[in-house]
Amino acid sequence: MMSAPKALLIALSGPSSSGKTTLARLLRDIIPNSFILHEDDFYKTDAEIPVNPEHNLEDWDCLESLNLPALESALRHVRDHGTIPADPESKEDKNSVGNVDVDAALIERLKLESTSKSQNTLPVAIIDGFLLYSEELKAVRDLFDVKLFLHTDYHTAKTRREARSGYVTIEGFWADPPGYVDKIVWPNYVKDHAFLFHDGDVNGELDEAALTNLDIEGMPMSARGNMTACLKWAYEIVQRALQV
């Protein structure tokens with residue numbers, strides 16, 4: 001007989017620059033006894049990142065760039081023990097998410113509310129990643145208790161991504177070369193997430209039947225580009241899961 005999970009696993013997934021890391025940090029600040037596990041901390045070494053043969057560019061946005069066995073092992077450890085298996089300094093926490101436009105009064109209200117409800121609750125593990133719901137990651141996907149899917153349109157993702165200076169990696173620093181979003185980032189996102197949208201149009205409406213089948217909660221269209229609305233949506237879902 002399997003033992004009861006020692007933590008509640010909350011997945012935040014979606015395209016690059018959709019607000020995942022921002023939302024993860026906000027939820028961590030609000031919810032007592034919570035911590036973040038970043039999928040980006042499971043990248044392979046810089047030398048192992050695959051090269052896209054069509055564009056001759058390193059591809060940091062595909063499944064093959066990640067150490068998937070290590071990610072799955074870490075998630076199982078969190079479920080079994082309620083803690084991250086090791087506590088090295090997160091590379092992802094060194095990466096800036098830029099200015100966050102969110103209602104400060106809402107954050108304070110949710111902190112007070114969450115603290116008042118936190119008696120005898122499980123630790124909350126917030127897993128932030130760009131490829132958590134891919135069909136090829138079913139073994140990982142099935143480990144999550146709550147699955148939240150953030151999404152944004154091509155123009156917004158491209159603008160936000162290209163405004164970033166770069167990313168801390170295992171061995172150094174990565175800056176997107178010119179055209180990287182159009183050649184690598186967006187095509188990979190479309191390939192791995194089209195099945196969650198009507199007619200495969202990732203700029204359009206979510207396919208509620210597909211989401212329901214996988215027990216994924218899709219961010220409302222009204223929360224696109226509105227982190228205050230996104231936070232309220234995510235917080236309410238997490239609180240419902242904690243009260244079960």
# chains A, B, ... in the order shown; residues from 1 in each chain; ligands from 1
>>> select_by_dssp(residues="range 47-200 of chain A", states="helix (DSSP H, G or I)", output="PDB file with N, CA and C atoms, in the first residue's frame")
ATOM      1  N   ALA A  47      27.315  21.894 -22.609  1.00  0.00           N
ATOM      2  CA  ALA A  47      27.879  21.115 -23.715  1.00  0.00           C
ATOM      3  C   ALA A  47      26.915  20.045 -24.218  1.00  0.00           C
ATOM      4  N   GLU A  48      25.933  19.662 -23.400  1.00  0.00           N
ATOM      5  CA  GLU A  48      24.996  18.601 -23.778  1.00  0.00           C
ATOM      6  C   GLU A  48      23.714  19.122 -24.419  1.00  0.00           C
ATOM      7  N   LEU A  63      12.548  19.017 -25.053  1.00  0.00           N
ATOM      8  CA  LEU A  63      12.650  18.009 -23.999  1.00  0.00           C
ATOM      9  C   LEU A  63      14.061  17.458 -23.862  1.00  0.00           C
ATOM     10  N   GLU A  64      14.738  17.337 -25.001  1.00  0.00           N
ATOM     11  CA  GLU A  64      16.074  16.727 -24.984  1.00  0.00           C
ATOM     12  C   GLU A  64      17.112  17.581 -24.260  1.00  0.00           C
ATOM     13  N   SER A  65      16.772  18.842 -23.965  1.00  0.00           N
ATOM     14  CA  SER A  65      17.718  19.704 -23.252  1.00  0.00           C
ATOM     15  C   SER A  65      17.674  19.478 -21.746  1.00  0.00           C
ATOM     16  N   LEU A  68      15.562  14.568 -17.714  1.00  0.00           N
ATOM     17  CA  LEU A  68      14.216  14.172 -17.300  1.00  0.00           C
ATOM     18  C   LEU A  68      14.213  13.124 -16.192  1.00  0.00           C
ATOM     19  N   PRO A  69      15.113  12.125 -16.206  1.00  0.00           N
ATOM     20  CA  PRO A  69      15.133  11.189 -15.067  1.00  0.00           C
ATOM     21  C   PRO A  69      15.404  11.890 -13.737  1.00  0.00           C
ATOM     22  N   ALA A  70      16.281  12.896 -13.741  1.00  0.00           N
ATOM     23  CA  ALA A  70      16.576  13.626 -12.506  1.00  0.00           C
ATOM     24  C   ALA A  70      15.366  14.428 -12.050  1.00  0.00           C
ATOM     25  N   LEU A  71      14.644  15.024 -13.002  1.00  0.00           N
ATOM     26  CA  LEU A  71      13.441  15.780 -12.667  1.00  0.00           C
ATOM     27  C   LEU A  71      12.386  14.868 -12.051  1.00  0.00           C
ATOM     28  N   GLU A  72      12.129  13.737 -12.683  1.00  0.00           N
ATOM     29  CA  GLU A  72      11.129  12.817 -12.152  1.00  0.00           C
ATOM     30  C   GLU A  72      11.532  12.302 -10.775  1.00  0.00           C
ATOM     31  N   SER A  73      12.806  11.982 -10.601  1.00  0.00           N
ATOM     32  CA  SER A  73      13.294  11.509  -9.306  1.00  0.00           C
ATOM     33  C   SER A  73      13.100  12.570  -8.219  1.00  0.00           C
ATOM     34  N   ALA A  74      13.378  13.821  -8.559  1.00  0.00           N
ATOM     35  CA  ALA A  74      13.218  14.902  -7.589  1.00  0.00           C
ATOM     36  C   ALA A  74      11.752  15.075  -7.199  1.00  0.00           C
ATOM     37  N   LEU A  75      10.856  14.984  -8.171  1.00  0.00           N
ATOM     38  CA  LEU A  75       9.435  15.129  -7.886  1.00  0.00           C
ATOM     39  C   LEU A  75       8.933  13.997  -6.996  1.00  0.00           C
ATOM     40  N   ARG A  76       9.406  12.791  -7.246  1.00  0.00           N
ATOM     41  CA  ARG A  76       8.993  11.664  -6.406  1.00  0.00           C
ATOM     42  C   ARG A  76       9.532  11.836  -4.983  1.00  0.00           C
ATOM     43  N   HIS A  77      10.722  12.375  -4.857  1.00  0.00           N
ATOM     44  CA  HIS A  77      11.274  12.643  -3.529  1.00  0.00           C
ATOM     45  C   HIS A  77      10.415  13.665  -2.793  1.00  0.00           C
ATOM     46  N   VAL A  78      10.000  14.709  -3.499  1.00  0.00           N
ATOM     47  CA  VAL A  78       9.155  15.728  -2.882  1.00  0.00           C
ATOM     48  C   VAL A  78       7.846  15.107  -2.390  1.00  0.00           C
ATOM     49  N   ARG A  79       7.233  14.262  -3.215  1.00  0.00           N
ATOM     50  CA  ARG A  79       5.982  13.606  -2.808  1.00  0.00           C
ATOM     51  C   ARG A  79       6.186  12.721  -1.592  1.00  0.00           C
ATOM     52  N   ASP A  80       7.312  12.014  -1.546  1.00  0.00           N
ATOM     53  CA  ASP A  80       7.549  11.042  -0.485  1.00  0.00           C
ATOM     54  C   ASP A  80       8.046  11.660   0.811  1.00  0.00           C
ATOM     55  N   HIS A  81       8.739  12.827   0.706  1.00  0.00           N
ATOM     56  CA  HIS A  81       9.394  13.391   1.885  1.00  0.00           C
ATOM     57  C   HIS A  81       8.963  14.819   2.217  1.00  0.00           C
ATOM     58  N   GLU A  92      17.832  29.125 -11.495  1.00  0.00           N
ATOM     59  CA  GLU A  92      16.681  29.863 -12.004  1.00  0.00           C
ATOM     60  C   GLU A  92      16.333  31.049 -11.114  1.00  0.00           C
ATOM     61  N   ASP A  93      16.557  30.925  -9.822  1.00  0.00           N
ATOM     62  CA  ASP A  93      16.246  32.046  -8.932  1.00  0.00           C
ATOM     63  C   ASP A  93      17.193  33.225  -9.149  1.00  0.00           C
ATOM     64  N   LYS A  94      18.274  33.019  -9.891  1.00  0.00           N
ATOM     65  CA  LYS A  94      19.176  34.122 -10.223  1.00  0.00           C
ATOM     66  C   LYS A  94      18.695  34.907 -11.440  1.00  0.00           C
ATOM     67  N   ALA A 104      -0.429  45.189  -5.005  1.00  0.00           N
ATOM     68  CA  ALA A 104       0.256  44.913  -3.740  1.00  0.00           C
ATOM     69  C   ALA A 104      -0.735  44.667  -2.614  1.00  0.00           C
ATOM     70  N   ALA A 105      -1.857  45.363  -2.630  1.00  0.00           N
ATOM     71  CA  ALA A 105      -2.862  45.171  -1.581  1.00  0.00           C
ATOM     72  C   ALA A 105      -3.440  43.757  -1.646  1.00  0.00           C
ATOM     73  N   LEU A 106      -3.608  43.227  -2.860  1.00  0.00           N
ATOM     74  CA  LEU A 106      -4.105  41.856  -2.999  1.00  0.00           C
ATOM     75  C   LEU A 106      -3.116  40.871  -2.396  1.00  0.00           C
ATOM     76  N   ILE A 107      -1.837  41.081  -2.652  1.00  0.00           N
ATOM     77  CA  ILE A 107      -0.819  40.177  -2.103  1.00  0.00           C
ATOM     78  C   ILE A 107      -0.897  40.144  -0.584  1.00  0.00           C
ATOM     79  N   GLU A 108      -0.988  41.302   0.047  1.00  0.00           N
ATOM     80  CA  GLU A 108      -1.060  41.351   1.509  1.00  0.00           C
ATOM     81  C   GLU A 108      -2.332  40.684   2.026  1.00  0.00           C
ATOM     82  N   ARG A 109      -3.444  40.897   1.336  1.00  0.00           N
ATOM     83  CA  ARG A 109      -4.700  40.261   1.763  1.00  0.00           C
ATOM     84  C   ARG A 109      -4.615  38.753   1.665  1.00  0.00           C
ATOM     85  N   LEU A 110      -4.045  38.258   0.578  1.00  0.00           N
ATOM     86  CA  LEU A 110      -3.933  36.811   0.396  1.00  0.00           C
ATOM     87  C   LEU A 110      -2.958  36.198   1.395  1.00  0.00           C
ATOM     88  N   LYS A 111      -1.910  36.933   1.749  1.00  0.00           N
ATOM     89  CA  LYS A 111      -0.981  36.440   2.778  1.00  0.00           C
ATOM     90  C   LYS A 111      -1.709  36.225   4.101  1.00  0.00           C
ATOM     91  N   LEU A 112      -2.494  37.205   4.503  1.00  0.00           N
ATOM     92  CA  LEU A 112      -3.231  37.094   5.761  1.00  0.00           C
ATOM     93  C   LEU A 112      -4.238  35.945   5.704  1.00  0.00           C
ATOM     94  N   GLU A 113      -4.943  35.856   4.597  1.00  0.00           N
ATOM     95  CA  GLU A 113      -5.941  34.800   4.441  1.00  0.00           C
ATOM     96  C   GLU A 113      -5.291  33.424   4.437  1.00  0.00           C
ATOM     97  N   SER A 114      -4.195  33.289   3.705  1.00  0.00           N
ATOM     98  CA  SER A 114      -3.520  32.000   3.597  1.00  0.00           C
ATOM     99  C   SER A 114      -2.940  31.568   4.937  1.00  0.00           C
ATOM    100  N   THR A 115      -2.392  32.515   5.686  1.00  0.00           N
ATOM    101  CA  THR A 115      -1.832  32.198   7.002  1.00  0.00           C
ATOM    102  C   THR A 115      -2.916  31.706   7.942  1.00  0.00           C
ATOM    103  N   SER A 116      -4.090  32.316   7.863  1.00  0.00           N
ATOM    104  CA  SER A 116      -5.181  31.918   8.754  1.00  0.00           C
ATOM    105  C   SER A 116      -5.718  30.537   8.423  1.00  0.00           C
ATOM    106  N   GLU A 135       2.860  15.459 -23.931  1.00  0.00           N
ATOM    107  CA  GLU A 135       2.445  14.055 -23.972  1.00  0.00           C
ATOM    108  C   GLU A 135       3.615  13.117 -23.680  1.00  0.00           C
ATOM    109  N   GLU A 136       4.812  13.552 -24.031  1.00  0.00           N
ATOM    110  CA  GLU A 136       5.999  12.726 -23.791  1.00  0.00           C
ATOM    111  C   GLU A 136       6.443  12.742 -22.332  1.00  0.00           C
ATOM    112  N   LEU A 137       5.807  13.584 -21.526  1.00  0.00           N
ATOM    113  CA  LEU A 137       6.155  13.672 -20.100  1.00  0.00           C
ATOM    114  C   LEU A 137       5.024  13.149 -19.220  1.00  0.00           C
ATOM    115  N   LYS A 138       4.292  12.158 -19.694  1.00  0.00           N
ATOM    116  CA  LYS A 138       3.142  11.658 -18.940  1.00  0.00           C
ATOM    117  C   LYS A 138       3.538  11.198 -17.545  1.00  0.00           C
ATOM    118  N   ALA A 139       4.679  10.517 -17.412  1.00  0.00           N
ATOM    119  CA  ALA A 139       5.099  10.020 -16.105  1.00  0.00           C
ATOM    120  C   ALA A 139       5.309  11.156 -15.116  1.00  0.00           C
ATOM    121  N   VAL A 140       5.814  12.274 -15.614  1.00  0.00           N
ATOM    122  CA  VAL A 140       5.990  13.466 -14.769  1.00  0.00           C
ATOM    123  C   VAL A 140       4.648  14.150 -14.548  1.00  0.00           C
ATOM    124  N   ARG A 141       3.888  14.307 -15.598  1.00  0.00           N
ATOM    125  CA  ARG A 141       2.595  15.002 -15.531  1.00  0.00           C
ATOM    126  C   ARG A 141       1.663  14.377 -14.501  1.00  0.00           C
ATOM    127  N   TYR A 154       1.658  34.912 -29.233  1.00  0.00           N
ATOM    128  CA  TYR A 154       2.992  34.965 -29.833  1.00  0.00           C
ATOM    129  C   TYR A 154       3.650  36.328 -29.645  1.00  0.00           C
ATOM    130  N   HIS A 155       2.927  37.399 -29.937  1.00  0.00           N
ATOM    131  CA  HIS A 155       3.520  38.732 -29.881  1.00  0.00           C
ATOM    132  C   HIS A 155       4.009  39.056 -28.467  1.00  0.00           C
ATOM    133  N   THR A 156       3.197  38.757 -27.456  1.00  0.00           N
ATOM    134  CA  THR A 156       3.576  39.047 -26.073  1.00  0.00           C
ATOM    135  C   THR A 156       4.775  38.211 -25.652  1.00  0.00           C
ATOM    136  N   ALA A 157       4.749  36.926 -25.974  1.00  0.00           N
ATOM    137  CA  ALA A 157       5.866  36.054 -25.608  1.00  0.00           C
ATOM    138  C   ALA A 157       7.163  36.528 -26.264  1.00  0.00           C
ATOM    139  N   LYS A 158       7.083  36.883 -27.522  1.00  0.00           N
ATOM    140  CA  LYS A 158       8.277  37.329 -28.253  1.00  0.00           C
ATOM    141  C   LYS A 158       8.821  38.629 -27.651  1.00  0.00           C
ATOM    142  N   THR A 159       7.922  39.576 -27.374  1.00  0.00           N
ATOM    143  CA  THR A 159       8.348  40.862 -26.818  1.00  0.00           C
ATOM    144  C   THR A 159       9.011  40.692 -25.462  1.00  0.00           C
ATOM    145  N   ARG A 160       8.388  39.903 -24.594  1.00  0.00           N
ATOM    146  CA  ARG A 160       8.938  39.688 -23.257  1.00  0.00           C
ATOM    147  C   ARG A 160      10.266  38.937 -23.309  1.00  0.00           C
ATOM    148  N   ARG A 161      10.318  37.884 -24.099  1.00  0.00           N
ATOM    149  CA  ARG A 161      11.542  37.077 -24.161  1.00  0.00           C
ATOM    150  C   ARG A 161      12.701  37.897 -24.693  1.00  0.00           C
ATOM    151  N   GLU A 162      12.467  38.677 -25.727  1.00  0.00           N
ATOM    152  CA  GLU A 162      13.554  39.431 -26.335  1.00  0.00           C
ATOM    153  C   GLU A 162      13.977  40.623 -25.487  1.00  0.00           C
ATOM    154  N   TYR A 180      15.877  33.870 -32.302  1.00  0.00           N
ATOM    155  CA  TYR A 180      15.754  32.625 -31.541  1.00  0.00           C
ATOM    156  C   TYR A 180      14.297  32.283 -31.220  1.00  0.00           C
ATOM    157  N   VAL A 181      13.492  33.288 -30.912  1.00  0.00           N
ATOM    158  CA  VAL A 181      12.088  33.011 -30.589  1.00  0.00           C
ATOM    159  C   VAL A 181      11.379  32.401 -31.785  1.00  0.00           C
ATOM    160  N   ASP A 182      11.572  32.978 -32.955  1.00  0.00           N
ATOM    161  CA  ASP A 182      10.877  32.495 -34.150  1.00  0.00           C
ATOM    162  C   ASP A 182      11.412  31.150 -34.642  1.00  0.00           C
ATOM    163  N   LYS A 183      12.690  30.915 -34.447  1.00  0.00           N
ATOM    164  CA  LYS A 183      13.294  29.686 -34.959  1.00  0.00           C
ATOM    165  C   LYS A 183      13.188  28.518 -33.985  1.00  0.00           C
ATOM    166  N   ILE A 184      13.226  28.794 -32.679  1.00  0.00           N
ATOM    167  CA  ILE A 184      13.324  27.732 -31.690  1.00  0.00           C
ATOM    168  C   ILE A 184      12.187  27.765 -30.662  1.00  0.00           C
ATOM    169  N   VAL A 185      12.032  28.870 -29.964  1.00  0.00           N
ATOM    170  CA  VAL A 185      11.129  28.921 -28.810  1.00  0.00           C
ATOM    171  C   VAL A 185       9.681  28.667 -29.194  1.00  0.00           C
ATOM    172  N   TRP A 186       9.155  29.476 -30.122  1.00  0.00           N
ATOM    173  CA  TRP A 186       7.736  29.363 -30.451  1.00  0.00           C
ATOM    174  C   TRP A 186       7.392  28.069 -31.177  1.00  0.00           C
ATOM    175  N   PRO A 187       8.191  27.614 -32.154  1.00  0.00           N
ATOM    176  CA  PRO A 187       7.873  26.331 -32.802  1.00  0.00           C
ATOM    177  C   PRO A 187       7.824  25.166 -31.805  1.00  0.00           C
ATOM    178  N   ASN A 188       8.743  25.146 -30.829  1.00  0.00           N
ATOM    179  CA  ASN A 188       8.715  24.076 -29.836  1.00  0.00           C
ATOM    180  C   ASN A 188       7.457  24.150 -28.979  1.00  0.00           C
ATOM    181  N   TYR A 189       7.081  25.359 -28.596  1.00  0.00           N
ATOM    182  CA  TYR A 189       5.873  25.528 -27.794  1.00  0.00           C
ATOM    183  C   TYR A 189       4.653  25.018 -28.561  1.00  0.00           C
ATOM    184  N   VAL A 190       4.541  25.402 -29.823  1.00  0.00           N
ATOM    185  CA  VAL A 190       3.410  24.959 -30.640  1.00  0.00           C
ATOM    186  C   VAL A 190       3.385  23.433 -30.731  1.00  0.00           C
ATOM    187  N   LYS A 191       4.535  22.834 -31.002  1.00  0.00           N
ATOM    188  CA  LYS A 191       4.611  21.375 -31.170  1.00  0.00           C
ATOM    189  C   LYS A 191       4.127  20.639 -29.927  1.00  0.00           C
ATOM    190  N   ASP A 192       4.494  21.124 -28.755  1.00  0.00           N
ATOM    191  CA  ASP A 192       4.209  20.395 -27.523  1.00  0.00           C
ATOM    192  C   ASP A 192       2.902  20.802 -26.846  1.00  0.00           C
ATOM    193  N   HIS A 193       2.225  21.845 -27.338  1.00  0.00           N
ATOM    194  CA  HIS A 193       1.021  22.310 -26.655  1.00  0.00           C
ATOM    195  C   HIS A 193      -0.189  22.496 -27.562  1.00  0.00           C
ATOM    196  N   ALA A 194      -0.039  22.295 -28.854  1.00  0.00           N
ATOM    197  CA  ALA A 194      -1.167  22.497 -29.767  1.00  0.00           C
ATOM    198  C   ALA A 194      -2.361  21.625 -29.380  1.00  0.00           C
ATOM    199  N   PHE A 195      -2.116  20.456 -28.810  1.00  0.00           N
ATOM    200  CA  PHE A 195      -3.204  19.539 -28.468  1.00  0.00           C
ATOM    201  C   PHE A 195      -4.114  20.079 -27.365  1.00  0.00           C
ATOM    202  N   LEU A 196      -3.698  21.160 -26.685  1.00  0.00           N
ATOM    203  CA  LEU A 196      -4.515  21.751 -25.619  1.00  0.00           C
ATOM    204  C   LEU A 196      -5.427  22.869 -26.128  1.00  0.00           C
ATOM    205  N   HIS A 198      -8.127  24.509 -29.307  1.00  0.00           N
ATOM    206  CA  HIS A 198      -9.031  24.209 -30.414  1.00  0.00           C
ATOM    207  C   HIS A 198      -8.293  24.340 -31.740  1.00  0.00           C
ATOM    208  N   ASP A 199      -8.406  23.299 -32.551  1.00  0.00           N
ATOM    209  CA  ASP A 199      -7.802  23.277 -33.886  1.00  0.00           C
ATOM    210  C   ASP A 199      -6.290  23.489 -33.840  1.00  0.00           C
ATOM    211  N   GLY A 200      -5.672  23.242 -32.688  1.00  0.00           N
ATOM    212  CA  GLY A 200      -4.220  23.370 -32.575  1.00  0.00           C
ATOM    213  C   GLY A 200      -3.711  24.792 -32.636  1.00  0.00           C
TER     214      GLY A 200
END
>>> select_by_dssp(residues="range 7-79 of chain A", states="strand (DSSP E)", output="PyMOL selection string")
chain A and resi 8-13+34-38+51-52+57-58
>>> closest_residue(among="A:Arg25, A:Asn213, A:Ser13, A:Lys232", to="Val100 in chain A", atoms="only C-alpha atoms")
A:Arg25
>>> residues_around(residues="Met219 in chain A", least_positions_apart="2", cutoff="9 Å", atoms="only C-alpha atoms", output="JSON, numbers by chain")
{"A": [148, 149, 150, 151, 217, 221, 222, 223, 224, 230, 233, 234]}
>>> write_last_selection(atoms="N, CA, C and O atoms", output="mmCIF file, in the first residue's frame")
data_model
loop_
_atom_site.group_PDB
_atom_site.id
_atom_site.type_symbol
_atom_site.label_atom_id
_atom_site.label_comp_id
_atom_site.auth_asym_id
_atom_site.auth_seq_id
_atom_site.Cartn_x
_atom_site.Cartn_y
_atom_site.Cartn_z
ATOM 1 N N LEU A 148 -1.777 23.786 -13.400
ATOM 2 C CA LEU A 148 -2.205 25.085 -13.894
ATOM 3 C C LEU A 148 -1.463 25.404 -15.187
ATOM 4 O O LEU A 148 -0.235 25.280 -15.237
ATOM 5 N N PHE A 149 -2.203 25.803 -16.196
ATOM 6 C CA PHE A 149 -1.600 26.102 -17.487
ATOM 7 C C PHE A 149 -1.754 27.574 -17.803
ATOM 8 O O PHE A 149 -2.863 28.088 -17.949
ATOM 9 N N LEU A 150 -0.619 28.277 -17.879
ATOM 10 C CA LEU A 150 -0.601 29.684 -18.271
ATOM 11 C C LEU A 150 -0.345 29.751 -19.779
ATOM 12 O O LEU A 150 0.351 28.891 -20.339
ATOM 13 N N HIS A 151 -0.886 30.758 -20.412
ATOM 14 C CA HIS A 151 -0.649 30.882 -21.850
ATOM 15 C C HIS A 151 -0.632 32.356 -22.226
ATOM 16 O O HIS A 151 -1.142 33.215 -21.500
ATOM 17 N N GLU A 217 -6.067 22.848 -15.256
ATOM 18 C CA GLU A 217 -6.842 24.083 -15.147
ATOM 19 C C GLU A 217 -6.211 25.128 -16.063
ATOM 20 O O GLU A 217 -5.047 25.491 -15.900
ATOM 21 N N MET A 221 -8.807 33.550 -20.331
ATOM 22 C CA MET A 221 -8.283 34.498 -21.305
ATOM 23 C C MET A 221 -8.181 35.898 -20.711
ATOM 24 O O MET A 221 -7.288 36.669 -21.059
ATOM 25 N N SER A 222 -9.076 36.223 -19.766
ATOM 26 C CA SER A 222 -9.069 37.545 -19.145
ATOM 27 C C SER A 222 -7.822 37.800 -18.304
ATOM 28 O O SER A 222 -7.521 38.949 -17.971
ATOM 29 N N ALA A 223 -7.094 36.737 -17.954
ATOM 30 C CA ALA A 223 -5.891 36.894 -17.137
ATOM 31 C C ALA A 223 -4.627 37.034 -17.980
ATOM 32 O O ALA A 223 -3.549 37.260 -17.438
ATOM 33 N N ARG A 224 -4.756 36.924 -19.291
ATOM 34 C CA ARG A 224 -3.584 37.120 -20.152
ATOM 35 C C ARG A 224 -3.073 38.552 -19.998
ATOM 36 O O ARG A 224 -3.825 39.515 -20.190
ATOM 37 N N CYS A 230 -4.331 36.731 -12.777
ATOM 38 C CA CYS A 230 -3.719 35.405 -12.821
ATOM 39 C C CYS A 230 -3.448 34.886 -11.408
ATOM 40 O O CYS A 230 -3.694 33.719 -11.093
ATOM 41 N N TRP A 233 -6.720 33.828 -9.678
ATOM 42 C CA TRP A 233 -7.168 32.551 -10.246
ATOM 43 C C TRP A 233 -6.376 31.385 -9.667
ATOM 44 O O TRP A 233 -6.955 30.403 -9.178
ATOM 45 N N ALA A 234 -5.055 31.487 -9.677
ATOM 46 C CA ALA A 234 -4.203 30.399 -9.202
ATOM 47 C C ALA A 234 -4.358 30.183 -7.702
ATOM 48 O O ALA A 234 -4.447 29.040 -7.227
#
>>> residues_around(residues="Asp59 in chain A", least_positions_apart="4", cutoff="6 Å", atoms="only C-alpha atoms", output="list of chain:residue names")
A:Pro50, A:Val51, A:Asn52
>>> atom_distance(atom1="CA of Tyr133 in chain A", atom2="CA of Pro178 in chain A")
28.0 Å
>>> closest_residue(among="A:Pro123, A:Thr21, A:Asn226, A:Ser16", to="Thr83 in chain A", atoms="only C-alpha atoms")
A:Pro123
>>> atom_distance(atom1="CA of Asn203 in chain A", atom2="CA of Asp153 in chain A")
5.2 Å
>>> atom_distance(atom1="CA of Ala125 in chain A", atom2="CA of Leu9 in chain A")
4.9 Å
>>> closest_residue(among="A:Glu39, A:Thr45, A:Cys62, A:Phe130", to="Gly172 in chain A", atoms="only C-alpha atoms")
A:Thr45
>>> residues_around(residues="Val244 in chain A", least_positions_apart="5", cutoff="12 Å", atoms="only C-alpha atoms", output="NGL selection string")
:A and (8 or 120-122 or 145 or 237-239)
>>> residues_around(residues="Ile36 in chain A", least_positions_apart="2", cutoff="9 Å", atoms="only C-alpha atoms", output="ChimeraX atom specification")
/A:24-25,28,34,38,84,124-128
>>> write_last_selection(atoms="C-alpha atoms", output="compact mmCIF listing (two decimals), in the first residue's frame")
# COMPACT_ATOMS: atom_id res chain seq x y z
CA ALA A 24 5.50 30.84 -8.65
CA ARG A 25 7.39 33.45 -6.63
CA ARG A 28 5.65 31.14 -2.53
CA SER A 34 5.73 26.46 0.34
CA HIS A 38 12.24 24.95 -11.11
CA ILE A 84 13.54 18.99 -2.22
CA VAL A 124 3.23 23.06 -0.95
CA ALA A 125 5.72 22.35 -3.73
CA ILE A 126 5.35 24.77 -6.64
CA ILE A 127 6.89 23.33 -9.80
CA ASP A 128 7.58 25.91 -12.49
>>> residues_around(residues="Thr22 in chain A", least_positions_apart="2", cutoff="9 Å", atoms="only C-alpha atoms", output="MDAnalysis selection string")
chainID A and resid 18:20 24:27 97:98 100 227
>>> write_last_selection(atoms="N, CA, C and O atoms", output="compact mmCIF listing (two decimals), in the first residue's frame")
# COMPACT_ATOMS: atom_id res chain seq x y z
N SER A 18 5.36 33.52 -20.15
CA SER A 18 3.91 33.58 -19.89
C SER A 18 3.61 33.98 -18.45
O SER A 18 2.44 34.14 -18.09
N GLY A 19 4.65 34.13 -17.61
CA GLY A 19 4.44 34.55 -16.23
C GLY A 19 4.58 33.45 -15.20
O GLY A 19 4.26 33.66 -14.02
N LYS A 20 5.07 32.29 -15.59
CA LYS A 20 5.15 31.14 -14.69
C LYS A 20 6.02 31.43 -13.47
O LYS A 20 5.62 31.19 -12.32
N ALA A 24 4.94 31.77 -9.64
CA ALA A 24 5.50 30.84 -8.65
C ALA A 24 6.07 31.61 -7.46
O ALA A 24 5.85 31.23 -6.29
N ARG A 25 6.80 32.68 -7.72
CA ARG A 25 7.39 33.45 -6.63
C ARG A 25 6.33 34.15 -5.80
O ARG A 25 6.44 34.24 -4.57
N LEU A 26 5.28 34.64 -6.45
CA LEU A 26 4.20 35.28 -5.70
C LEU A 26 3.49 34.28 -4.80
O LEU A 26 3.22 34.56 -3.62
N LEU A 27 3.20 33.09 -5.33
CA LEU A 27 2.54 32.07 -4.52
C LEU A 27 3.43 31.62 -3.36
O LEU A 27 2.94 31.40 -2.25
N VAL A 97 12.82 38.28 -13.52
CA VAL A 97 11.57 38.21 -14.27
C VAL A 97 11.10 39.60 -14.67
O VAL A 97 10.01 39.77 -15.21
N GLY A 98 11.93 40.61 -14.37
CA GLY A 98 11.58 41.99 -14.73
C GLY A 98 10.59 42.59 -13.76
O GLY A 98 10.31 42.05 -12.69
N VAL A 100 7.17 43.51 -12.06
CA VAL A 100 5.93 42.76 -11.89
C VAL A 100 4.80 43.73 -11.58
O VAL A 100 4.82 44.41 -10.55
N MET A 227 -1.32 40.03 -14.31
CA MET A 227 -0.81 39.15 -13.27
C MET A 227 -1.67 39.19 -12.02
O MET A 227 -1.75 38.20 -11.29
>>> decode(residues="range 193-199 of chain A", atoms="N, CA, C and O atoms", output="JSON list (two decimals), in the first residue's frame")
[["chain", "number", "residue", "atom", "x", "y", "z"],
["A", 193, "HIS", "N", 2.22, 21.84, -27.34],
["A", 193, "HIS", "CA", 1.02, 22.31, -26.65],
["A", 193, "HIS", "C", -0.19, 22.50, -27.56],
["A", 193, "HIS", "O", -1.27, 22.82, -27.06],
["A", 194, "ALA", "N", -0.04, 22.30, -28.85],
["A", 194, "ALA", "CA", -1.17, 22.50, -29.77],
["A", 194, "ALA", "C", -2.36, 21.63, -29.38],
["A", 194, "ALA", "O", -3.52, 22.03, -29.58],
["A", 195, "PHE", "N", -2.12, 20.46, -28.81],
["A", 195, "PHE", "CA", -3.20, 19.54, -28.47],
["A", 195, "PHE", "C", -4.11, 20.08, -27.36],
["A", 195, "PHE", "O", -5.20, 19.55, -27.13],
["A", 196, "LEU", "N", -3.70, 21.16, -26.69],
["A", 196, "LEU", "CA", -4.51, 21.75, -25.62],
["A", 196, "LEU", "C", -5.43, 22.87, -26.13],
["A", 196, "LEU", "O", -6.19, 23.44, -25.35],
["A", 197, "PHE", "N", -5.36, 23.17, -27.42],
["A", 197, "PHE", "CA", -6.12, 24.28, -27.99],
["A", 197, "PHE", "C", -7.05, 23.80, -29.11],
["A", 197, "PHE", "O", -6.75, 22.81, -29.80],
["A", 198, "HIS", "N", -8.13, 24.51, -29.31],
["A", 198, "HIS", "CA", -9.03, 24.21, -30.41],
["A", 198, "HIS", "C", -8.29, 24.34, -31.74],
["A", 198, "HIS", "O", -7.61, 25.34, -31.99],
["A", 199, "ASP", "N", -8.41, 23.30, -32.55],
["A", 199, "ASP", "CA", -7.80, 23.28, -33.89],
["A", 199, "ASP", "C", -6.29, 23.49, -33.84],
["A", 199, "ASP", "O", -5.68, 23.89, -34.84]]
